[in-house]
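Student: File name input-v3.cif; file contents mmCIF, N, CA and C atoms; full text below.
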data_final
loop_
_atom_site.label_atom_id
_atom_site.label_comp_id
_atom_site.auth_asym_id
_atom_site.auth_seq_id
_atom_site.Cartn_x
_atom_site.Cartn_y
_atom_site.Cartn_z
N MET A 260 -29.91 -8.41 -12.39
CA MET A 260 -28.87 -9.15 -11.71
C MET A 260 -27.70 -8.23 -11.43
N THR A 261 -27.17 -8.29 -10.20
CA THR A 261 -26.02 -7.47 -9.83
C THR A 261 -24.80 -8.35 -9.63
N LEU A 262 -23.70 -7.88 -10.15
CA LEU A 262 -22.44 -8.58 -9.95
C LEU A 262 -21.61 -7.79 -8.96
N LYS A 263 -21.25 -8.45 -7.88
CA LYS A 263 -20.41 -7.78 -6.90
C LYS A 263 -19.16 -8.63 -6.72
N ALA A 264 -18.04 -8.11 -7.14
CA ALA A 264 -16.78 -8.83 -7.01
C ALA A 264 -16.25 -8.60 -5.61
N GLU A 265 -16.47 -9.58 -4.74
CA GLU A 265 -15.99 -9.47 -3.37
C GLU A 265 -14.48 -9.27 -3.36
N GLY A 266 -14.01 -8.34 -2.61
CA GLY A 266 -12.58 -8.11 -2.48
C GLY A 266 -12.01 -7.12 -3.48
N SER A 267 -12.75 -6.80 -4.54
CA SER A 267 -12.21 -5.88 -5.54
C SER A 267 -11.99 -4.50 -4.96
N ASN A 268 -12.90 -4.05 -4.10
CA ASN A 268 -12.74 -2.75 -3.46
C ASN A 268 -11.48 -2.74 -2.61
N LEU A 269 -11.25 -3.81 -1.87
CA LEU A 269 -10.05 -3.90 -1.05
C LEU A 269 -8.80 -3.91 -1.92
N LEU A 270 -8.82 -4.64 -3.01
CA LEU A 270 -7.67 -4.67 -3.93
C LEU A 270 -7.38 -3.27 -4.48
N MET A 271 -8.42 -2.56 -4.84
CA MET A 271 -8.23 -1.19 -5.36
C MET A 271 -7.63 -0.29 -4.28
N ARG A 272 -8.08 -0.46 -3.05
CA ARG A 272 -7.54 0.35 -1.96
C ARG A 272 -6.09 -0.03 -1.65
N LEU A 273 -5.77 -1.33 -1.77
CA LEU A 273 -4.38 -1.76 -1.60
C LEU A 273 -3.49 -1.15 -2.68
N MET A 274 -4.00 -1.10 -3.91
CA MET A 274 -3.24 -0.49 -5.01
C MET A 274 -3.09 1.01 -4.78
N SER A 275 -4.12 1.66 -4.26
CA SER A 275 -4.03 3.10 -3.96
C SER A 275 -3.01 3.36 -2.86
N ALA A 276 -2.99 2.49 -1.85
CA ALA A 276 -2.01 2.63 -0.78
C ALA A 276 -0.59 2.45 -1.32
N ALA A 277 -0.41 1.50 -2.23
CA ALA A 277 0.90 1.28 -2.84
C ALA A 277 1.33 2.49 -3.66
N THR A 278 0.38 3.11 -4.33
CA THR A 278 0.68 4.33 -5.11
C THR A 278 1.07 5.47 -4.18
N LEU A 279 0.34 5.62 -3.08
CA LEU A 279 0.68 6.64 -2.09
C LEU A 279 2.06 6.36 -1.50
N ARG A 280 2.34 5.08 -1.20
CA ARG A 280 3.65 4.71 -0.64
C ARG A 280 4.77 5.05 -1.62
N ARG A 281 4.54 4.81 -2.91
CA ARG A 281 5.55 5.16 -3.92
C ARG A 281 5.88 6.65 -3.86
N ASP A 282 4.84 7.47 -3.75
CA ASP A 282 5.05 8.92 -3.70
C ASP A 282 5.79 9.34 -2.44
N VAL A 283 5.44 8.73 -1.31
CA VAL A 283 6.09 9.06 -0.04
C VAL A 283 7.56 8.64 -0.07
N LEU A 284 7.83 7.44 -0.60
CA LEU A 284 9.21 6.96 -0.68
C LEU A 284 10.04 7.83 -1.63
N ALA A 285 9.44 8.24 -2.73
CA ALA A 285 10.14 9.14 -3.67
C ALA A 285 10.46 10.47 -3.00
N ASN A 286 9.54 10.96 -2.18
CA ASN A 286 9.78 12.20 -1.45
C ASN A 286 10.92 12.02 -0.44
N ASN A 287 10.96 10.84 0.19
CA ASN A 287 12.07 10.57 1.11
C ASN A 287 13.41 10.66 0.38
N ILE A 288 13.49 10.04 -0.80
CA ILE A 288 14.74 10.06 -1.56
C ILE A 288 15.09 11.50 -1.96
N ALA A 289 14.08 12.25 -2.37
CA ALA A 289 14.33 13.65 -2.76
C ALA A 289 14.78 14.49 -1.57
N SER A 290 14.42 14.08 -0.36
CA SER A 290 14.74 14.86 0.85
C SER A 290 15.92 14.29 1.62
N GLN A 291 16.67 13.37 1.01
CA GLN A 291 17.75 12.70 1.75
C GLN A 291 18.87 13.62 2.21
N ASN A 292 19.00 14.80 1.61
CA ASN A 292 20.05 15.74 2.02
C ASN A 292 19.50 16.95 2.76
N LEU A 293 18.23 16.90 3.12
CA LEU A 293 17.59 18.01 3.83
C LEU A 293 17.80 17.85 5.33
N PRO A 294 18.55 18.73 5.97
CA PRO A 294 18.81 18.60 7.40
C PRO A 294 17.50 18.55 8.21
N GLY A 295 17.46 17.62 9.15
CA GLY A 295 16.30 17.50 10.03
C GLY A 295 15.12 16.71 9.48
N TYR A 296 15.18 16.33 8.21
CA TYR A 296 14.06 15.59 7.61
C TYR A 296 14.01 14.18 8.19
N ARG A 297 12.82 13.74 8.54
CA ARG A 297 12.60 12.38 9.02
C ARG A 297 11.83 11.62 7.95
N ARG A 298 12.30 10.41 7.64
CA ARG A 298 11.65 9.60 6.61
C ARG A 298 10.21 9.29 7.02
N ARG A 299 9.39 9.08 6.00
CA ARG A 299 7.99 8.74 6.22
C ARG A 299 7.68 7.46 5.48
N ASP A 300 6.62 6.81 5.90
CA ASP A 300 6.18 5.60 5.23
C ASP A 300 4.66 5.56 5.28
N VAL A 301 4.09 4.63 4.51
CA VAL A 301 2.64 4.46 4.47
C VAL A 301 2.32 3.10 5.08
N GLN A 302 1.39 3.10 6.01
CA GLN A 302 0.93 1.85 6.60
C GLN A 302 -0.52 1.64 6.21
N PHE A 303 -0.76 0.57 5.51
CA PHE A 303 -2.14 0.19 5.20
C PHE A 303 -2.33 -1.30 5.51
N GLU A 304 -1.42 -2.11 4.99
CA GLU A 304 -1.51 -3.55 5.26
C GLU A 304 -1.42 -3.81 6.76
N GLU A 305 -0.56 -3.05 7.46
CA GLU A 305 -0.42 -3.20 8.90
C GLU A 305 -1.71 -2.80 9.62
N VAL A 306 -2.34 -1.73 9.15
CA VAL A 306 -3.60 -1.27 9.75
C VAL A 306 -4.69 -2.31 9.52
N LEU A 307 -4.74 -2.88 8.31
CA LEU A 307 -5.72 -3.94 8.02
C LEU A 307 -5.50 -5.14 8.93
N ALA A 308 -4.24 -5.56 9.07
CA ALA A 308 -3.92 -6.72 9.91
C ALA A 308 -4.35 -6.49 11.35
N LYS A 309 -4.14 -5.27 11.84
CA LYS A 309 -4.53 -4.93 13.21
C LYS A 309 -6.05 -5.00 13.36
N GLU A 310 -6.77 -4.46 12.38
CA GLU A 310 -8.24 -4.50 12.42
C GLU A 310 -8.76 -5.93 12.36
N LEU A 311 -8.15 -6.75 11.50
CA LEU A 311 -8.57 -8.15 11.38
C LEU A 311 -8.30 -8.92 12.66
N SER A 312 -7.19 -8.62 13.32
CA SER A 312 -6.87 -9.32 14.57
C SER A 312 -7.86 -8.96 15.67
N LYS A 313 -8.50 -7.80 15.55
CA LYS A 313 -9.52 -7.38 16.51
C LYS A 313 -10.88 -7.97 16.17
N GLY A 314 -10.95 -8.72 15.06
CA GLY A 314 -12.21 -9.35 14.66
C GLY A 314 -13.07 -8.48 13.75
N ALA A 315 -12.46 -7.57 13.04
CA ALA A 315 -13.21 -6.70 12.13
C ALA A 315 -13.90 -7.51 11.04
N THR A 316 -15.05 -7.03 10.61
CA THR A 316 -15.78 -7.67 9.52
C THR A 316 -15.36 -7.02 8.20
N PRO A 317 -15.56 -7.71 7.07
CA PRO A 317 -15.22 -7.10 5.78
C PRO A 317 -15.90 -5.75 5.57
N ALA A 318 -17.13 -5.62 6.03
CA ALA A 318 -17.84 -4.34 5.86
C ALA A 318 -17.17 -3.23 6.67
N SER A 319 -16.68 -3.55 7.86
CA SER A 319 -16.06 -2.51 8.69
C SER A 319 -14.69 -2.11 8.15
N LEU A 320 -14.07 -2.95 7.32
CA LEU A 320 -12.77 -2.62 6.74
C LEU A 320 -12.89 -1.55 5.67
N ASP A 321 -14.11 -1.30 5.18
CA ASP A 321 -14.30 -0.27 4.15
C ASP A 321 -13.92 1.12 4.64
N THR A 322 -13.92 1.32 5.94
CA THR A 322 -13.57 2.64 6.47
C THR A 322 -12.08 2.75 6.83
N THR A 323 -11.35 1.65 6.72
CA THR A 323 -9.93 1.65 7.04
C THR A 323 -9.15 2.41 5.97
N ARG A 324 -8.29 3.29 6.41
CA ARG A 324 -7.54 4.15 5.49
C ARG A 324 -6.04 3.99 5.71
N ALA A 325 -5.28 4.26 4.66
CA ALA A 325 -3.81 4.26 4.74
C ALA A 325 -3.37 5.42 5.62
N GLU A 326 -2.31 5.19 6.36
CA GLU A 326 -1.77 6.22 7.25
C GLU A 326 -0.33 6.54 6.85
N ILE A 327 -0.02 7.82 6.75
CA ILE A 327 1.36 8.23 6.54
C ILE A 327 1.96 8.43 7.93
N VAL A 328 3.05 7.70 8.19
CA VAL A 328 3.68 7.76 9.51
C VAL A 328 5.12 8.25 9.37
N THR A 329 5.58 8.96 10.37
CA THR A 329 6.95 9.44 10.42
C THR A 329 7.79 8.44 11.21
N ASP A 330 8.96 8.12 10.69
CA ASP A 330 9.87 7.16 11.32
C ASP A 330 10.72 7.88 12.36
N TRP A 331 10.37 7.69 13.62
CA TRP A 331 11.13 8.28 14.72
C TRP A 331 12.10 7.26 15.32
N ASP A 332 12.05 6.00 14.84
CA ASP A 332 12.87 4.94 15.42
C ASP A 332 14.26 4.84 14.80
N THR A 333 14.37 5.12 13.50
CA THR A 333 15.66 5.01 12.83
C THR A 333 16.58 6.13 13.29
N GLN A 334 17.78 5.75 13.66
CA GLN A 334 18.76 6.72 14.16
C GLN A 334 19.12 7.73 13.06
N PRO A 335 19.01 9.03 13.35
CA PRO A 335 19.38 10.04 12.34
C PRO A 335 20.89 10.25 12.28
N ARG A 336 21.31 10.82 11.16
CA ARG A 336 22.71 11.22 11.02
C ARG A 336 22.92 12.48 11.86
N ALA A 337 24.13 13.02 11.80
CA ALA A 337 24.47 14.22 12.57
C ALA A 337 23.58 15.41 12.21
N ASP A 338 23.11 15.46 10.93
CA ASP A 338 22.28 16.58 10.50
C ASP A 338 20.80 16.39 10.84
N GLY A 339 20.46 15.27 11.52
CA GLY A 339 19.08 15.03 11.93
C GLY A 339 18.24 14.29 10.91
N ASN A 340 18.80 14.02 9.73
CA ASN A 340 18.08 13.32 8.66
C ASN A 340 18.29 11.81 8.83
N ASN A 341 17.23 11.02 8.70
CA ASN A 341 17.37 9.57 8.87
C ASN A 341 17.06 8.78 7.59
N VAL A 342 17.18 9.41 6.44
CA VAL A 342 16.91 8.74 5.16
C VAL A 342 18.19 8.06 4.67
N ALA A 343 18.06 6.79 4.32
CA ALA A 343 19.16 6.04 3.69
C ALA A 343 18.67 5.65 2.30
N ALA A 344 19.31 6.17 1.27
CA ALA A 344 18.86 5.96 -0.11
C ALA A 344 18.73 4.48 -0.45
N GLU A 345 19.65 3.64 0.07
CA GLU A 345 19.59 2.20 -0.24
C GLU A 345 18.31 1.58 0.33
N VAL A 346 17.97 1.97 1.54
CA VAL A 346 16.75 1.46 2.19
C VAL A 346 15.52 1.91 1.42
N GLU A 347 15.49 3.16 1.02
CA GLU A 347 14.34 3.68 0.29
C GLU A 347 14.19 2.98 -1.06
N SER A 348 15.31 2.76 -1.75
CA SER A 348 15.27 2.06 -3.04
C SER A 348 14.76 0.64 -2.87
N SER A 349 15.20 -0.02 -1.83
CA SER A 349 14.74 -1.38 -1.54
C SER A 349 13.24 -1.38 -1.24
N GLN A 350 12.79 -0.41 -0.46
CA GLN A 350 11.36 -0.28 -0.14
C GLN A 350 10.55 -0.02 -1.40
N MET A 351 11.10 0.77 -2.33
CA MET A 351 10.40 1.06 -3.58
C MET A 351 10.25 -0.20 -4.43
N ARG A 352 11.31 -1.03 -4.47
CA ARG A 352 11.22 -2.29 -5.22
C ARG A 352 10.17 -3.21 -4.60
N GLU A 353 10.19 -3.33 -3.28
CA GLU A 353 9.20 -4.16 -2.60
C GLU A 353 7.78 -3.65 -2.85
N ASN A 354 7.61 -2.35 -2.81
CA ASN A 354 6.31 -1.74 -3.05
C ASN A 354 5.83 -1.99 -4.48
N ARG A 355 6.75 -1.90 -5.45
CA ARG A 355 6.38 -2.16 -6.84
C ARG A 355 5.90 -3.60 -7.01
N ILE A 356 6.57 -4.54 -6.35
CA ILE A 356 6.17 -5.94 -6.41
C ILE A 356 4.78 -6.12 -5.81
N ARG A 357 4.53 -5.48 -4.68
CA ARG A 357 3.20 -5.54 -4.06
C ARG A 357 2.13 -5.02 -5.02
N PHE A 358 2.40 -3.85 -5.61
CA PHE A 358 1.43 -3.26 -6.53
C PHE A 358 1.14 -4.20 -7.69
N GLU A 359 2.20 -4.75 -8.27
CA GLU A 359 2.04 -5.66 -9.40
C GLU A 359 1.25 -6.91 -9.00
N LEU A 360 1.48 -7.40 -7.79
CA LEU A 360 0.73 -8.55 -7.28
C LEU A 360 -0.75 -8.21 -7.14
N TYR A 361 -1.04 -7.07 -6.53
CA TYR A 361 -2.44 -6.65 -6.37
C TYR A 361 -3.11 -6.49 -7.73
N ALA A 362 -2.40 -5.88 -8.67
CA ALA A 362 -2.96 -5.68 -10.02
C ALA A 362 -3.21 -7.02 -10.71
N MET A 363 -2.29 -7.96 -10.53
CA MET A 363 -2.44 -9.27 -11.15
C MET A 363 -3.66 -10.01 -10.57
N ILE A 364 -3.83 -9.92 -9.27
CA ILE A 364 -4.99 -10.56 -8.62
C ILE A 364 -6.28 -9.92 -9.13
N LEU A 365 -6.31 -8.59 -9.20
CA LEU A 365 -7.50 -7.90 -9.68
C LEU A 365 -7.81 -8.28 -11.12
N LYS A 366 -6.78 -8.33 -11.96
CA LYS A 366 -6.98 -8.71 -13.36
C LYS A 366 -7.51 -10.14 -13.46
N SER A 367 -6.98 -11.02 -12.65
CA SER A 367 -7.43 -12.41 -12.64
C SER A 367 -8.89 -12.52 -12.23
N ARG A 368 -9.27 -11.77 -11.21
CA ARG A 368 -10.66 -11.79 -10.74
C ARG A 368 -11.60 -11.23 -11.81
N THR A 369 -11.17 -10.15 -12.46
CA THR A 369 -11.97 -9.54 -13.52
C THR A 369 -12.13 -10.50 -14.69
N SER A 370 -11.04 -11.20 -15.02
CA SER A 370 -11.08 -12.17 -16.10
C SER A 370 -12.06 -13.30 -15.79
N LEU A 371 -12.07 -13.77 -14.56
CA LEU A 371 -13.00 -14.83 -14.17
C LEU A 371 -14.46 -14.38 -14.30
N VAL A 372 -14.74 -13.15 -13.89
CA VAL A 372 -16.10 -12.62 -14.01
C VAL A 372 -16.48 -12.50 -15.48
N SER A 373 -15.56 -12.02 -16.32
CA SER A 373 -15.83 -11.89 -17.76
C SER A 373 -16.12 -13.24 -18.39
N GLN A 374 -15.33 -14.24 -18.02
CA GLN A 374 -15.54 -15.58 -18.56
C GLN A 374 -16.88 -16.14 -18.12
N ALA A 375 -17.26 -15.87 -16.88
CA ALA A 375 -18.55 -16.36 -16.38
C ALA A 375 -19.70 -15.70 -17.16
N ILE A 376 -19.56 -14.42 -17.47
CA ILE A 376 -20.60 -13.72 -18.22
C ILE A 376 -20.71 -14.28 -19.64
N ILE A 377 -19.58 -14.51 -20.29
CA ILE A 377 -19.57 -15.03 -21.65
C ILE A 377 -20.18 -16.43 -21.70
N HIS A 378 -19.83 -17.27 -20.73
CA HIS A 378 -20.35 -18.64 -20.73
C HIS A 378 -21.81 -18.71 -20.31
N ASP A 379 -22.32 -17.67 -19.68
CA ASP A 379 -23.71 -17.64 -19.23
C ASP A 379 -24.67 -17.33 -20.36
N ARG A 380 -24.16 -16.77 -21.46
CA ARG A 380 -25.02 -16.35 -22.56
C ARG A 380 -25.62 -17.48 -23.29
#
What would the structure in this file look like if it were written as structure tokens?
Tutor:
Amino acid sequence: MTLKAEGSNLLMRLMSAATLRRDVLANNIASQNLPGYRRRDVQFEEVLAKELSKGATPASLDTTRAEIVTDWDTQPRADGNNVAAEVESSQMRENRIRFELYAMILKSRTSLVSQAIIHDR
């Protein structure tokens, strides 16, 4: 008998994207005084939403990857840098909440599978 937890792979990839986003946001904060630096962000949920709106199947989403994008829209300061520490800190808090939510869902799903196995004995 094989147990396949539908969605667990996607949850793990969402958590990986959140981890990558944390690193990118931390790099933005570290580079806030570097002339000419443009802030970066990670898009994964947006890429998934775009694929789903095109009618993608769950199997085809397995090849969807997080993308690191450069923010060319935010107006830079005189030195060419467009990082605002307050914005980055806010993004980091939001990202932490997302990660914790994904982890909680994964833990809940794992717990349900464990309970089903125990009760099946």
Student: Name the residues captured by the PyMOL selection byres ((chain A and resi 289-299) around 5) when it is applied to the shown file; answer as an NGL selection string.
Tutor: :A and (285-288 or 300-301 or 328-330 or 338-341)
Student: One number please: atom CA of Phe303 of chain A to atom N of Ala325 of chain A, in Å, one decimal.
Tutor: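 Atom CA of Phe303 of chain A sits 5.2 Å away from atom N of Ala325 of chain A.
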Student: Could you go through chain A and tell me which residues DSSP, when run on the backbone, assigns to strand (DSSP E), listing them as a PDB file with N, CA and C atoms, keeping the file's coordinate frame?
Tutor:
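File part32.pdb, as written:
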ATOM      1  N   ARG A 299       9.390   9.080   6.000  1.00  0.00           N
ATOM      2  CA  ARG A 299       7.990   8.740   6.220  1.00  0.00           C
ATOM      3  C   ARG A 299       7.680   7.460   5.480  1.00  0.00           C
ATOM      4  N   ASP A 300       6.620   6.810   5.900  1.00  0.00           N
ATOM      5  CA  ASP A 300       6.180   5.600   5.230  1.00  0.00           C
ATOM      6  C   ASP A 300       4.660   5.560   5.280  1.00  0.00           C
ATOM      7  N   VAL A 301       4.090   4.630   4.510  1.00  0.00           N
ATOM      8  CA  VAL A 301       2.640   4.460   4.470  1.00  0.00           C
ATOM      9  C   VAL A 301       2.320   3.100   5.080  1.00  0.00           C
ATOM     10  N   GLN A 302       1.390   3.100   6.010  1.00  0.00           N
ATOM     11  CA  GLN A 302       0.930   1.850   6.600  1.00  0.00           C
ATOM     12  C   GLN A 302      -0.520   1.640   6.210  1.00  0.00           C
ATOM     13  N   GLU A 326      -2.310   5.190   6.360  1.00  0.00           N
ATOM     14  CA  GLU A 326      -1.770   6.220   7.250  1.00  0.00           C
ATOM     15  C   GLU A 326      -0.330   6.540   6.850  1.00  0.00           C
ATOM     16  N   ILE A 327      -0.020   7.820   6.750  1.00  0.00           N
ATOM     17  CA  ILE A 327       1.360   8.230   6.540  1.00  0.00           C
ATOM     18  C   ILE A 327       1.960   8.430   7.930  1.00  0.00           C
ATOM     19  N   VAL A 328       3.050   7.700   8.190  1.00  0.00           N
ATOM     20  CA  VAL A 328       3.680   7.760   9.510  1.00  0.00           C
ATOM     21  C   VAL A 328       5.120   8.250   9.370  1.00  0.00           C
ATOM     22  N   THR A 329       5.580   8.960  10.370  1.00  0.00           N
ATOM     23  CA  THR A 329       6.950   9.440  10.420  1.00  0.00           C
ATOM     24  C   THR A 329       7.790   8.440  11.210  1.00  0.00           C
TER      25      THR A 329
END
Student: Show which residues sit within 12 Å of segment 348-365 of chain A, as a compact mmCIF listing (two decimals) with N, CA and C atoms, in the coordinates of the input. Count only C-alpha atoms, and ignore same-chain residues fewer than 4 positions away.
Tutor:
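Done, and the output landed in selection-v9.txt:
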# COMPACT_ATOMS: atom_id res chain seq x y z
N ALA A 264 -18.04 -8.11 -7.14
CA ALA A 264 -16.78 -8.83 -7.01
C ALA A 264 -16.25 -8.60 -5.61
N GLU A 265 -16.47 -9.58 -4.74
CA GLU A 265 -15.99 -9.47 -3.37
C GLU A 265 -14.48 -9.27 -3.36
N GLY A 266 -14.01 -8.34 -2.61
CA GLY A 266 -12.58 -8.11 -2.48
C GLY A 266 -12.01 -7.12 -3.48
N SER A 267 -12.75 -6.80 -4.54
CA SER A 267 -12.21 -5.88 -5.54
C SER A 267 -11.99 -4.50 -4.96
N ASN A 268 -12.90 -4.05 -4.10
CA ASN A 268 -12.74 -2.75 -3.46
C ASN A 268 -11.48 -2.74 -2.61
N LEU A 269 -11.25 -3.81 -1.87
CA LEU A 269 -10.05 -3.90 -1.05
C LEU A 269 -8.80 -3.91 -1.92
N LEU A 270 -8.82 -4.64 -3.01
CA LEU A 270 -7.67 -4.67 -3.93
C LEU A 270 -7.38 -3.27 -4.48
N MET A 271 -8.42 -2.56 -4.84
CA MET A 271 -8.23 -1.19 -5.36
C MET A 271 -7.63 -0.29 -4.28
N ARG A 272 -8.08 -0.46 -3.05
CA ARG A 272 -7.54 0.35 -1.96
C ARG A 272 -6.09 -0.03 -1.65
N LEU A 273 -5.77 -1.33 -1.77
CA LEU A 273 -4.38 -1.76 -1.60
C LEU A 273 -3.49 -1.15 -2.68
N MET A 274 -4.00 -1.10 -3.91
CA MET A 274 -3.24 -0.49 -5.01
C MET A 274 -3.09 1.01 -4.78
N SER A 275 -4.12 1.66 -4.26
CA SER A 275 -4.03 3.10 -3.96
C SER A 275 -3.01 3.36 -2.86
N ALA A 276 -2.99 2.49 -1.85
CA ALA A 276 -2.01 2.63 -0.78
C ALA A 276 -0.59 2.45 -1.32
N ALA A 277 -0.41 1.50 -2.23
CA ALA A 277 0.90 1.28 -2.84
C ALA A 277 1.33 2.49 -3.66
N THR A 278 0.38 3.11 -4.33
CA THR A 278 0.68 4.33 -5.11
C THR A 278 1.07 5.47 -4.18
N LEU A 279 0.34 5.62 -3.08
CA LEU A 279 0.68 6.64 -2.09
C LEU A 279 2.06 6.36 -1.50
N ARG A 280 2.34 5.08 -1.20
CA ARG A 280 3.65 4.71 -0.64
C ARG A 280 4.77 5.05 -1.62
N ARG A 281 4.54 4.81 -2.91
CA ARG A 281 5.55 5.16 -3.92
C ARG A 281 5.88 6.65 -3.86
N ASP A 282 4.84 7.47 -3.75
CA ASP A 282 5.05 8.92 -3.70
C ASP A 282 5.79 9.34 -2.44
N VAL A 283 5.44 8.73 -1.31
CA VAL A 283 6.09 9.06 -0.04
C VAL A 283 7.56 8.64 -0.07
N LEU A 284 7.83 7.44 -0.60
CA LEU A 284 9.21 6.96 -0.68
C LEU A 284 10.04 7.83 -1.63
N ALA A 285 9.44 8.24 -2.73
CA ALA A 285 10.14 9.14 -3.67
C ALA A 285 10.46 10.47 -3.00
N ASN A 286 9.54 10.96 -2.18
CA ASN A 286 9.78 12.20 -1.45
C ASN A 286 10.92 12.02 -0.44
N ASN A 287 10.96 10.84 0.19
CA ASN A 287 12.07 10.57 1.11
C ASN A 287 13.41 10.66 0.38
N ILE A 288 13.49 10.04 -0.80
CA ILE A 288 14.74 10.06 -1.56
C ILE A 288 15.09 11.50 -1.96
N ALA A 289 14.08 12.25 -2.37
CA ALA A 289 14.33 13.65 -2.76
C ALA A 289 14.78 14.49 -1.57
N GLN A 291 16.67 13.37 1.01
CA GLN A 291 17.75 12.70 1.75
C GLN A 291 18.87 13.62 2.21
N ARG A 298 12.30 10.41 7.64
CA ARG A 298 11.65 9.60 6.61
C ARG A 298 10.21 9.29 7.02
N ARG A 299 9.39 9.08 6.00
CA ARG A 299 7.99 8.74 6.22
C ARG A 299 7.68 7.46 5.48
N ASP A 300 6.62 6.81 5.90
CA ASP A 300 6.18 5.60 5.23
C ASP A 300 4.66 5.56 5.28
N VAL A 301 4.09 4.63 4.51
CA VAL A 301 2.64 4.46 4.47
C VAL A 301 2.32 3.10 5.08
N GLN A 302 1.39 3.10 6.01
CA GLN A 302 0.93 1.85 6.60
C GLN A 302 -0.52 1.64 6.21
N PHE A 303 -0.76 0.57 5.51
CA PHE A 303 -2.14 0.19 5.20
C PHE A 303 -2.33 -1.30 5.51
N GLU A 304 -1.42 -2.11 4.99
CA GLU A 304 -1.51 -3.55 5.26
C GLU A 304 -1.42 -3.81 6.76
N VAL A 342 17.18 9.41 6.44
CA VAL A 342 16.91 8.74 5.16
C VAL A 342 18.19 8.06 4.67
N ALA A 343 18.06 6.79 4.32
CA ALA A 343 19.16 6.04 3.69
C ALA A 343 18.67 5.65 2.30
N ALA A 344 19.31 6.17 1.27
CA ALA A 344 18.86 5.96 -0.11
C ALA A 344 18.73 4.48 -0.45
N THR A 369 -11.17 -10.15 -12.46
CA THR A 369 -11.97 -9.54 -13.52
C THR A 369 -12.13 -10.50 -14.69
N SER A 370 -11.04 -11.20 -15.02
CA SER A 370 -11.08 -12.17 -16.10
C SER A 370 -12.06 -13.30 -15.79
N LEU A 371 -12.07 -13.77 -14.56
CA LEU A 371 -13.00 -14.83 -14.17
C LEU A 371 -14.46 -14.38 -14.30
N VAL A 372 -14.74 -13.15 -13.89
CA VAL A 372 -16.10 -12.62 -14.01
C VAL A 372 -16.48 -12.50 -15.48
Student: Take atom CA of Ala318 of chain A and atom CA of Val306 of chain A and report the distance between them in Å, one decimal.
Tutor: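 If I compute the distance from atom CA of Ala318 of chain A to atom CA of Val306 of chain A, I get 15.1 Å.
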Student: Between atom CA of Val346 of chain A and atom CA of Glu305 of chain A, measure the distance and give it in Å to one decimal.
Tutor: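 Taking atom CA of Val346 of chain A as the start and atom CA of Glu305 of chain A as the end point, the length is 19.0 Å.
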Student: Might I get the box with edges along x, y and z of the file that holds all atoms of segment 298-306 of chain A listed there, padded by 8 Å on every side, given as centre and edge lengths in Å to one decimal, as JSON?
Tutor:
{"center_x": 3.8, "center_y": 3.3, "center_z": 7.1, "size_x": 33.0, "size_y": 30.2, "size_z": 21.3}
Student: Just list as a ChimeraX atom specification whatever in segment 264-307 of chain A DSSP marks as helix (DSSP H, G or I).
Tutor: /A:267-289,304-307
